$ cat data-v6.cif   # mmCIF, C-alpha atoms and all ligand atoms
data_run
#
loop_
_atom_site.label_atom_id
_atom_site.label_comp_id
_atom_site.auth_asym_id
_atom_site.auth_seq_id
_atom_site.Cartn_x
_atom_site.Cartn_y
_atom_site.Cartn_z
CA MET D 10 0.00 0.00 0.00
CA THR D 11 1.20 3.51 -0.69
CA ASP D 12 -0.36 5.42 2.18
CA GLY D 13 1.74 3.74 4.86
CA SER D 14 -1.16 1.60 6.03
CA ASP D 15 -0.59 -2.10 6.35
CA GLY D 16 -3.94 -3.30 7.61
CA ARG D 17 -2.91 -3.49 11.26
CA VAL D 18 -4.85 -1.97 14.12
CA ILE D 19 -2.76 -0.74 17.02
CA GLY D 20 -4.04 0.27 20.44
CA ILE D 21 -2.13 2.84 22.48
CA ILE D 22 -2.90 3.01 26.20
CA ALA D 23 -1.77 6.31 27.73
CA ALA D 24 -1.11 5.54 31.38
CA ALA D 25 1.88 7.75 32.15
CA GLY D 26 0.17 10.48 34.16
CA SER D 27 1.14 11.43 37.68
CA GLY D 28 -2.37 11.31 39.13
CA GLU D 29 -2.20 14.72 40.84
CA ARG D 30 -5.97 14.91 41.37
CA MET D 31 -5.89 11.41 42.86
CA GLY D 32 -3.33 12.62 45.40
CA GLY D 33 -0.14 12.11 43.37
CA VAL D 34 -0.36 8.32 42.95
CA GLN D 35 0.36 6.17 39.91
CA LYS D 36 -3.28 6.00 38.94
CA ALA D 37 -2.80 3.23 36.40
CA PHE D 38 -1.67 0.89 39.16
CA GLN D 39 -4.33 1.77 41.74
CA LEU D 40 -6.29 -1.34 42.58
CA LEU D 41 -9.90 -1.79 41.44
CA LEU D 42 -11.46 -5.01 42.70
CA GLY D 43 -7.93 -6.20 43.49
CA ARG D 44 -6.50 -5.59 40.02
CA GLU D 45 -4.41 -2.71 38.68
CA MET D 46 -6.62 -0.16 36.92
CA VAL D 47 -4.74 -0.39 33.63
CA ALA D 48 -5.26 -4.16 33.56
CA TYR D 49 -8.93 -3.64 32.67
CA SER D 50 -8.12 -1.67 29.50
CA LEU D 51 -5.42 -4.18 28.61
CA GLN D 52 -7.87 -7.07 29.06
CA VAL D 53 -10.54 -5.44 26.87
CA MET D 54 -7.97 -4.76 24.12
CA GLU D 55 -6.81 -8.38 24.47
CA GLU D 56 -10.41 -9.52 23.95
CA SER D 57 -11.20 -7.12 21.09
CA GLU D 58 -11.08 -8.84 17.74
CA GLU D 59 -10.34 -5.49 16.12
CA ILE D 60 -6.94 -4.98 17.73
CA ASP D 61 -3.70 -6.62 16.60
CA SER D 62 -1.21 -5.14 19.02
CA VAL D 63 -1.03 -2.83 22.00
CA MET D 64 1.49 -0.20 23.06
CA LEU D 65 1.45 0.66 26.73
CA VAL D 66 2.90 3.99 27.90
CA VAL D 67 3.61 4.34 31.64
CA PRO D 68 5.65 6.56 34.00
CA SER D 69 9.41 5.94 33.69
CA ASP D 70 9.60 4.30 37.10
CA ALA D 71 6.72 1.95 36.30
CA VAL D 72 8.07 0.20 33.22
CA ASP D 73 9.25 -2.82 35.24
CA THR D 74 5.98 -3.06 37.17
CA ALA D 75 4.01 -2.86 33.92
CA THR D 76 6.18 -5.52 32.31
CA ARG D 77 5.59 -7.89 35.23
CA LEU D 78 1.84 -7.19 35.14
CA CYS D 79 1.59 -7.99 31.42
CA LEU D 80 3.52 -11.23 31.87
CA GLU D 81 1.52 -12.30 34.90
CA MET D 82 -1.84 -11.50 33.28
CA ARG D 83 -0.75 -12.91 29.89
CA PHE D 84 -1.57 -9.79 27.91
CA ASN D 85 -0.07 -11.28 24.77
CA LYS D 86 -0.96 -8.42 22.43
CA VAL D 87 1.30 -5.98 24.26
CA GLY D 88 4.17 -5.32 21.86
CA SER D 89 5.82 -2.43 23.68
CA ILE D 90 5.93 -0.90 27.13
CA SER D 91 7.57 2.51 27.14
CA LYS D 92 7.91 5.57 29.32
CA GLY D 93 5.69 8.59 28.74
CA GLY D 94 6.35 12.31 28.60
CA ARG D 95 5.46 15.38 30.65
CA THR D 96 2.01 15.72 29.06
CA ARG D 97 -0.52 13.26 27.71
CA ARG D 98 0.20 14.64 24.26
CA GLU D 99 3.91 13.79 24.65
CA SER D 100 3.10 10.33 25.96
CA VAL D 101 0.83 9.50 23.04
CA GLU D 102 3.13 11.17 20.54
CA SER D 103 6.13 9.06 21.58
CA ALA D 104 4.11 5.95 20.78
CA VAL D 105 2.64 7.35 17.56
CA ARG D 106 6.10 8.32 16.26
CA SER D 107 7.40 4.81 16.73
CA ILE D 108 4.66 3.32 14.51
CA ASP D 109 5.61 3.27 10.84
CA GLY D 110 2.75 1.33 9.31
CA SER D 111 -0.72 0.48 10.55
CA ASP D 112 -4.19 0.96 9.28
CA LEU D 113 -5.83 2.36 12.38
CA ILE D 114 -4.56 3.67 15.71
CA ILE D 115 -6.79 3.54 18.77
CA VAL D 116 -5.79 5.94 21.56
CA HIS D 117 -7.16 5.15 25.00
CA ASP D 118 -6.70 6.55 28.51
CA GLY D 119 -5.44 4.00 31.01
CA ALA D 120 -7.62 5.91 33.46
CA ARG D 121 -10.79 4.63 31.73
CA PRO D 122 -11.01 1.04 32.98
CA CYS D 123 -14.68 0.68 32.00
CA ILE D 124 -13.97 0.60 28.26
CA THR D 125 -15.81 -2.16 26.36
CA THR D 126 -15.11 -4.13 23.19
CA GLU D 127 -18.34 -2.62 21.80
CA LEU D 128 -16.90 0.90 22.05
CA ILE D 129 -13.77 -0.25 20.22
CA THR D 130 -15.80 -1.89 17.46
CA ARG D 131 -18.02 1.16 17.03
CA GLY D 132 -14.98 3.44 16.80
CA VAL D 133 -13.12 1.19 14.37
CA GLU D 134 -16.10 0.93 12.04
CA MET D 135 -16.60 4.68 11.96
CA ALA D 136 -12.90 5.52 11.63
CA ARG D 137 -12.50 3.14 8.70
CA GLU D 138 -15.15 5.18 6.89
CA THR D 139 -14.29 8.66 8.08
CA GLY D 140 -10.67 8.79 9.30
CA ALA D 141 -11.31 10.04 12.83
CA ALA D 142 -13.99 8.89 15.28
CA ILE D 143 -14.45 9.66 18.96
CA PRO D 144 -17.01 8.53 21.55
CA VAL D 145 -19.09 11.26 23.16
CA VAL D 146 -21.81 11.44 25.79
CA PRO D 147 -24.31 14.30 26.16
CA ALA D 148 -23.47 16.84 28.85
CA GLN D 149 -25.57 16.05 31.92
CA ASP D 150 -25.11 19.28 33.80
CA THR D 151 -25.75 22.77 32.55
CA ILE D 152 -22.27 24.06 31.65
CA LYS D 153 -21.23 27.63 32.44
CA GLU D 154 -18.29 29.57 31.08
CA ILE D 155 -16.83 31.43 34.05
CA ALA D 156 -14.52 34.46 34.00
CA PRO D 157 -11.39 34.64 36.22
CA ASP D 158 -13.40 36.76 38.68
CA GLY D 159 -15.83 33.86 39.20
CA LYS D 160 -18.74 35.46 37.35
CA VAL D 161 -20.69 33.62 34.68
CA VAL D 162 -19.82 34.75 31.15
CA THR D 163 -22.25 32.60 29.25
CA THR D 164 -24.36 29.43 29.35
CA PRO D 165 -23.93 27.47 26.13
CA ASP D 166 -26.91 25.53 24.80
CA ARG D 167 -26.58 22.16 26.55
CA SER D 168 -28.11 20.23 23.66
CA ARG D 169 -24.96 20.99 21.66
CA LEU D 170 -22.50 20.03 24.40
CA PHE D 171 -20.96 16.61 24.74
CA ALA D 172 -18.14 15.13 26.80
CA ALA D 173 -15.43 13.41 24.76
CA GLN D 174 -14.17 10.02 25.88
CA THR D 175 -11.64 7.48 24.66
CA PRO D 176 -11.09 5.12 22.80
CA GLN D 177 -10.51 7.62 19.97
CA VAL D 178 -9.86 5.90 16.65
CA PHE D 179 -7.90 7.34 13.72
CA GLN D 180 -6.51 6.31 10.41
CA GLY D 181 -2.85 5.85 11.26
CA ALA D 182 -1.47 8.18 8.60
CA LEU D 183 -3.86 10.93 9.68
CA LEU D 184 -2.98 10.69 13.37
CA ARG D 185 0.74 10.67 12.58
CA ARG D 186 0.31 13.75 10.44
CA ALA D 187 -1.67 15.47 13.21
CA HIS D 188 1.11 14.82 15.72
CA TYR D 189 3.85 15.92 13.30
CA GLU D 190 2.16 19.04 11.98
CA THR D 191 0.47 20.66 14.98
CA SER D 192 2.06 22.80 17.66
CA PRO D 193 3.48 20.83 20.61
CA ASP D 194 1.73 23.40 22.82
CA LEU D 195 -1.57 21.81 21.86
CA VAL D 196 -2.03 19.34 24.69
CA LEU D 197 -5.73 18.50 24.52
CA ASP D 198 -7.01 15.15 23.26
CA ASP D 199 -5.88 13.56 19.99
CA ALA D 200 -9.07 14.55 18.20
CA SER D 201 -8.25 18.21 18.83
CA LEU D 202 -5.05 17.80 16.80
CA ILE D 203 -7.11 16.66 13.81
CA GLU D 204 -9.44 19.62 14.40
CA ALA D 205 -6.41 21.92 14.42
CA LEU D 206 -5.55 20.67 10.93
CA GLY D 207 -9.04 21.77 9.87
CA LEU D 208 -10.11 18.18 9.24
CA PRO D 209 -13.38 16.59 10.38
CA VAL D 210 -13.70 14.48 13.51
CA HIS D 211 -16.76 12.26 13.62
CA THR D 212 -18.53 11.18 16.78
CA PHE D 213 -20.23 8.01 17.92
CA GLU D 214 -22.22 7.12 20.99
CA GLY D 215 -19.98 6.78 24.02
CA ASP D 216 -20.85 5.00 27.24
CA PRO D 217 -21.77 7.02 30.34
CA ALA D 218 -20.18 4.25 32.44
CA ASN D 219 -16.85 4.73 30.63
CA ILE D 220 -15.73 7.43 33.06
CA LYS D 221 -12.23 8.78 33.45
CA VAL D 222 -11.05 7.94 36.94
CA THR D 223 -9.76 11.31 38.08
CA THR D 224 -10.41 11.77 41.82
CA PRO D 225 -10.72 9.16 44.61
CA ILE D 226 -14.54 9.11 44.44
CA ASP D 227 -14.29 7.84 40.86
CA LEU D 228 -12.64 4.63 42.11
CA ALA D 229 -15.89 3.67 43.84
CA PHE D 230 -17.94 4.43 40.72
CA ALA D 231 -15.61 2.41 38.48
CA GLU D 232 -15.69 -0.55 40.89
CA ALA D 233 -19.48 -0.43 40.91
CA VAL D 234 -19.55 -0.51 37.09
CA LEU D 235 -17.10 -3.42 36.95
CA ARG D 236 -19.07 -5.36 39.60
CA GLN D 237 -22.25 -4.80 37.65
CA ARG D 238 -20.51 -6.37 34.66
CA GLY D 239 -19.81 -9.47 36.72
CA MET D 240 -16.23 -8.79 37.83
CA THR D 241 -15.20 -10.04 41.28
CA GLU D 242 -11.97 -9.89 43.29
CA PRO D 243 -9.41 -12.47 42.11
CA THR D 244 -8.85 -15.46 44.38
CA TYR D 245 -5.39 -16.18 42.96
CA PRO D 246 -2.79 -13.95 41.21
CA GLY D 247 -3.40 -13.48 37.52
CA GLN D 248 -7.03 -14.63 37.69
CA TRP D 249 -9.28 -12.63 35.42
CA ALA D 250 -13.02 -13.27 35.87
N1 LIG Q 1 -1.33 10.65 30.72
C1 LIG Q 1 -0.14 10.20 30.14
N2 LIG Q 1 0.99 10.98 30.23
C2 LIG Q 1 0.97 12.17 30.87
C3 LIG Q 1 -0.23 12.64 31.45
C4 LIG Q 1 -1.39 11.85 31.35
O1 LIG Q 1 -0.11 9.11 29.57
N3 LIG Q 1 2.10 12.88 30.97
C5 LIG Q 1 -2.51 9.77 30.70
C6 LIG Q 1 -2.97 9.41 32.11
O2 LIG Q 1 -2.18 8.33 32.61
C7 LIG Q 1 -4.43 9.06 31.93
C8 LIG Q 1 -4.82 9.92 30.71
O3 LIG Q 1 -3.62 10.42 30.14
O4 LIG Q 1 -4.64 7.70 31.63
C9 LIG Q 1 -5.77 11.03 31.11
O5 LIG Q 1 -5.09 11.92 31.99
P1 LIG Q 1 -5.53 12.32 33.45
O6 LIG Q 1 -6.82 11.70 33.82
O7 LIG Q 1 -5.37 13.79 33.55
O8 LIG Q 1 -4.43 11.56 34.36
P2 LIG Q 1 -3.24 12.19 35.16
O9 LIG Q 1 -2.56 13.20 34.31
O10 LIG Q 1 -2.45 11.06 35.71
O11 LIG Q 1 -4.01 12.88 36.37
P3 LIG Q 1 -3.83 14.41 36.90
O12 LIG Q 1 -4.13 15.31 35.71
O13 LIG Q 1 -4.80 14.51 38.01
O14 LIG Q 1 -2.40 14.52 37.34
MG MG Q 2 -3.60 14.99 33.65
#

$ encode --input "data-v6.cif" --output "structure tokens" --more "lines below"
Ligand code: CTP
Ligand code: MG
Amino acid sequence: MTDGSDGRVIGIIAAAGSGERMGGVQKAFQLLLGREMVAYSLQVMEESEEIDSVMLVVPSDAVDTATRLCLEMRFNKVGSISKGGRTRRESVESAVRSIDGSDLIIVHDGARPCITTELITRGVEMARETGAAIPVVPAQDTIKEIAPDGKVVTTPDRSRLFAAQTPQVFQGALLRRAHYETSPDLVLDDASLIEALGLPVHTFEGDPANIKVTTPIDLAFAEAVLRQRGMTEPTYPGQWA
């Protein structure tokens, strides 16, 4: 093929944050029902028929821990475990730059353990057609824009507001171009890099349960979601369900 695509689908899990809002812990390795948070995303990517290989990006002092976890849990699709950068953008970009082929790239936050194979499939189908597809959920609260002095500036029409989630799915060549050609100061999600190129980003229905675990209260919510899906605490190391 001439466009650099080779029919492979690669998942990138960004798990290299420093978890400041969680109290400065390595969020990816916080336990949920007795398993490291990032293990849930790894397991779903392992189960997804769409994904050929997985790149895991973690803090520099967690590469050994992550390697042991992947061996113990037999996450056989994991092809690389590398250290991230100062920002999420840098962490994802380091992985994206090391990919030279691939059909599609799926970028996912390690802090979203409630991802499902259905979300991946939906994203892959839409990205194959459109180039860039992200899951969104309607804003629940009325959102206010607030000035530095604390006063409300404006209340945007809620029916047009959505929260973006991951997995975000892109044609590989497009995502590489977005990382190469946009300012490194742009540190929002990957979709925003495509937007910055003036190219369309399509949306599909996200999952309200697919929250980003950000503060300690989110751990309880994520555990409740996982329990509802039938997960229980492991009774021996490496046990999945
Ligand atoms: N992330 C990353 N590299 C960074 C920063 C963030 O890979 N330098 C990842 C996080 O590990 C997480 C995802 O991006 O899976 C979303 O980021 P966020 O929820 O903000 O996590 P943290 O940056 O760890 O948390 P905080 O902002 O509270 O420090
Ligand atoms: Mg962060």

$ residues_near_ligand --input "data-v6.cif" --ligand "ligand MG 2 (chain Q)" --cutoff "9 Å" --atoms "all atoms listed in the file" --output "mmCIF file with C-alpha atoms, keeping the file's coordinate frame"
data_model
loop_
_atom_site.group_PDB
_atom_site.id
_atom_site.type_symbol
_atom_site.label_atom_id
_atom_site.label_comp_id
_atom_site.auth_asym_id
_atom_site.auth_seq_id
_atom_site.Cartn_x
_atom_site.Cartn_y
_atom_site.Cartn_z
ATOM 1 C CA GLY D 26 0.170 10.480 34.160
ATOM 2 C CA SER D 27 1.140 11.430 37.680
ATOM 3 C CA GLY D 28 -2.370 11.310 39.130
ATOM 4 C CA GLU D 29 -2.200 14.720 40.840
ATOM 5 C CA ARG D 30 -5.970 14.910 41.370
ATOM 6 C CA THR D 96 2.010 15.720 29.060
ATOM 7 C CA ARG D 97 -0.520 13.260 27.710
ATOM 8 C CA THR D 223 -9.760 11.310 38.080
#

$ closest_atom_pairs --input "data-v6.cif" --of "chain D" --to "ligand LIG 1 (chain Q)" --cutoff "7 Å" --atoms "all atoms listed in the file" --output "tab-separated table"
residue	atom	partner	partner_atom	distance
D:Ala23	CA	Q:LIG1	O1	3.7
D:Ala24	CA	Q:LIG1	O2	3.2
D:Ala25	CA	Q:LIG1	O1	3.5
D:Gly26	CA	Q:LIG1	O10	3.1
D:Ser27	CA	Q:LIG1	O10	4.1
D:Gly28	CA	Q:LIG1	O10	3.4
D:Glu29	CA	Q:LIG1	O14	3.5
D:Arg30	CA	Q:LIG1	O13	3.6
D:Met31	CA	Q:LIG1	O13	5.9
D:Gly33	CA	Q:LIG1	O14	6.9
D:Lys36	CA	Q:LIG1	O10	6.1
D:Ala37	CA	Q:LIG1	O2	6.4
D:Val66	CA	Q:LIG1	O1	6.2
D:Val67	CA	Q:LIG1	O1	6.4
D:Gly93	CA	Q:LIG1	N2	5.5
D:Gly94	CA	Q:LIG1	N3	4.9
D:Arg95	CA	Q:LIG1	N3	4.2
D:Thr96	CA	Q:LIG1	N3	3.4
D:Arg97	CA	Q:LIG1	C2	3.7
D:Glu99	CA	Q:LIG1	N3	6.6
D:Ser100	CA	Q:LIG1	N2	4.8
D:Val101	CA	Q:LIG1	O1	6.6
D:Asp118	CA	Q:LIG1	O4	3.9
D:Gly119	CA	Q:LIG1	O4	3.8
D:Ala120	CA	Q:LIG1	O4	3.9
D:Arg121	CA	Q:LIG1	O4	6.9
D:Lys221	CA	Q:LIG1	O6	6.2
D:Val222	CA	Q:LIG1	O6	6.5
D:Thr223	CA	Q:LIG1	O6	5.2

$ residues_around --input "data-v6.cif" --residues "segment 78-86 of chain D" --least-positions-apart "3" --cutoff "7 Å" --atoms "only C-alpha atoms" --output "number ranges by chain"
D: 51-52, 55, 61-63, 74-75, 247

$ atom_distance --input "data-v6.cif" --atom1 "atom CA of Trp249 of chain D" --atom2 "atom CA of Thr76 of chain D"
17.3 Å

$ closest_residue --input "data-v6.cif" --among "D:Ser57, D:Gln35, D:Gln237, D:Ser50" --to "Glu127 of chain D" --atoms "all atoms listed in the file"
D:Ser57

$ closest_residue --input "data-v6.cif" --among "D:Ile226, D:Leu183, D:Met240, D:Ile60" --to "Gly32 of chain D" --atoms "all atoms listed in the file"
D:Ile226

$ build_atoms --input "data-v6.cif" --residues "segment 114-125 of chain D" --atoms "all heavy atoms" --output "CSV table (one decimal), keeping the file's coordinate frame"
chain,number,residue,atom,x,y,z
D,114,ILE,N,-5.1,3.5,14.4
D,114,ILE,CA,-4.6,3.7,15.7
D,114,ILE,C,-5.7,4.0,16.7
D,114,ILE,O,-6.5,5.0,16.4
D,114,ILE,CB,-3.4,4.7,15.8
D,114,ILE,CG1,-2.3,4.3,14.8
D,114,ILE,CG2,-2.9,4.9,17.2
D,114,ILE,CD1,-1.2,5.4,14.7
D,115,ILE,N,-5.8,3.3,17.8
D,115,ILE,CA,-6.8,3.5,18.8
D,115,ILE,C,-6.1,4.1,20.0
D,115,ILE,O,-5.2,3.5,20.5
D,115,ILE,CB,-7.5,2.2,19.2
D,115,ILE,CG1,-8.1,1.6,17.9
D,115,ILE,CG2,-8.5,2.4,20.3
D,115,ILE,CD1,-8.7,0.2,18.2
D,116,VAL,N,-6.4,5.3,20.4
D,116,VAL,CA,-5.8,5.9,21.6
D,116,VAL,C,-6.8,5.9,22.7
D,116,VAL,O,-7.9,6.3,22.6
D,116,VAL,CB,-5.4,7.4,21.3
D,116,VAL,CG1,-4.6,7.9,22.5
D,116,VAL,CG2,-4.5,7.5,20.0
D,117,HIS,N,-6.3,5.3,23.8
D,117,HIS,CA,-7.2,5.2,25.0
D,117,HIS,C,-6.5,5.6,26.3
D,117,HIS,O,-5.3,5.4,26.4
D,117,HIS,CB,-7.6,3.7,25.1
D,117,HIS,CG,-8.5,3.4,26.2
D,117,HIS,ND1,-9.7,4.0,26.4
D,117,HIS,CD2,-8.4,2.6,27.3
D,117,HIS,CE1,-10.3,3.6,27.5
D,117,HIS,NE2,-9.5,2.7,28.1
D,118,ASP,N,-7.2,6.2,27.2
D,118,ASP,CA,-6.7,6.6,28.5
D,118,ASP,C,-6.7,5.3,29.4
D,118,ASP,O,-7.7,4.7,29.6
D,118,ASP,CB,-7.6,7.6,29.2
D,118,ASP,CG,-7.6,8.9,28.5
D,118,ASP,OD1,-6.6,9.3,27.9
D,118,ASP,OD2,-8.7,9.6,28.6
D,119,GLY,N,-5.5,5.1,30.0
D,119,GLY,CA,-5.4,4.0,31.0
D,119,GLY,C,-6.4,4.3,32.2
D,119,GLY,O,-6.7,3.4,32.9
D,120,ALA,N,-6.7,5.5,32.3
D,120,ALA,CA,-7.6,5.9,33.5
D,120,ALA,C,-9.1,5.7,33.2
D,120,ALA,O,-10.0,6.1,33.9
D,120,ALA,CB,-7.4,7.4,33.8
D,121,ARG,N,-9.4,5.0,32.0
D,121,ARG,CA,-10.8,4.6,31.7
D,121,ARG,C,-10.9,3.1,31.7
D,121,ARG,O,-11.0,2.5,30.6
D,121,ARG,CB,-11.2,5.2,30.4
D,121,ARG,CG,-11.3,6.7,30.4
D,121,ARG,CD,-11.9,7.2,29.0
D,121,ARG,NE,-11.8,8.6,28.9
D,121,ARG,CZ,-12.8,9.5,29.3
D,121,ARG,NH1,-13.9,9.1,29.8
D,121,ARG,NH2,-12.6,10.8,29.2
D,122,PRO,N,-11.0,2.5,32.9
D,122,PRO,CA,-11.0,1.0,33.0
D,122,PRO,C,-12.3,0.4,32.5
D,122,PRO,O,-12.4,-0.8,32.3
D,122,PRO,CB,-10.8,0.8,34.5
D,122,PRO,CG,-11.3,2.0,35.2
D,122,PRO,CD,-11.0,3.1,34.2
D,123,CYS,N,-13.4,1.2,32.3
D,123,CYS,CA,-14.7,0.7,32.0
D,123,CYS,C,-14.9,0.7,30.5
D,123,CYS,O,-16.1,0.6,30.0
D,123,CYS,CB,-15.8,1.4,32.8
D,123,CYS,SG,-15.6,1.3,34.5
D,124,ILE,N,-13.9,0.8,29.7
D,124,ILE,CA,-14.0,0.6,28.3
D,124,ILE,C,-14.6,-0.8,27.9
D,124,ILE,O,-14.5,-1.7,28.7
D,124,ILE,CB,-12.5,0.7,27.6
D,124,ILE,CG1,-12.6,0.6,26.1
D,124,ILE,CG2,-11.6,-0.3,28.2
D,124,ILE,CD1,-11.2,0.7,25.4
D,125,THR,N,-15.2,-0.9,26.8
D,125,THR,CA,-15.8,-2.2,26.4
D,125,THR,C,-15.4,-2.5,24.9
D,125,THR,O,-15.0,-1.6,24.2
D,125,THR,CB,-17.4,-2.1,26.3
D,125,THR,OG1,-17.8,-1.1,25.4
D,125,THR,CG2,-17.9,-1.8,27.7
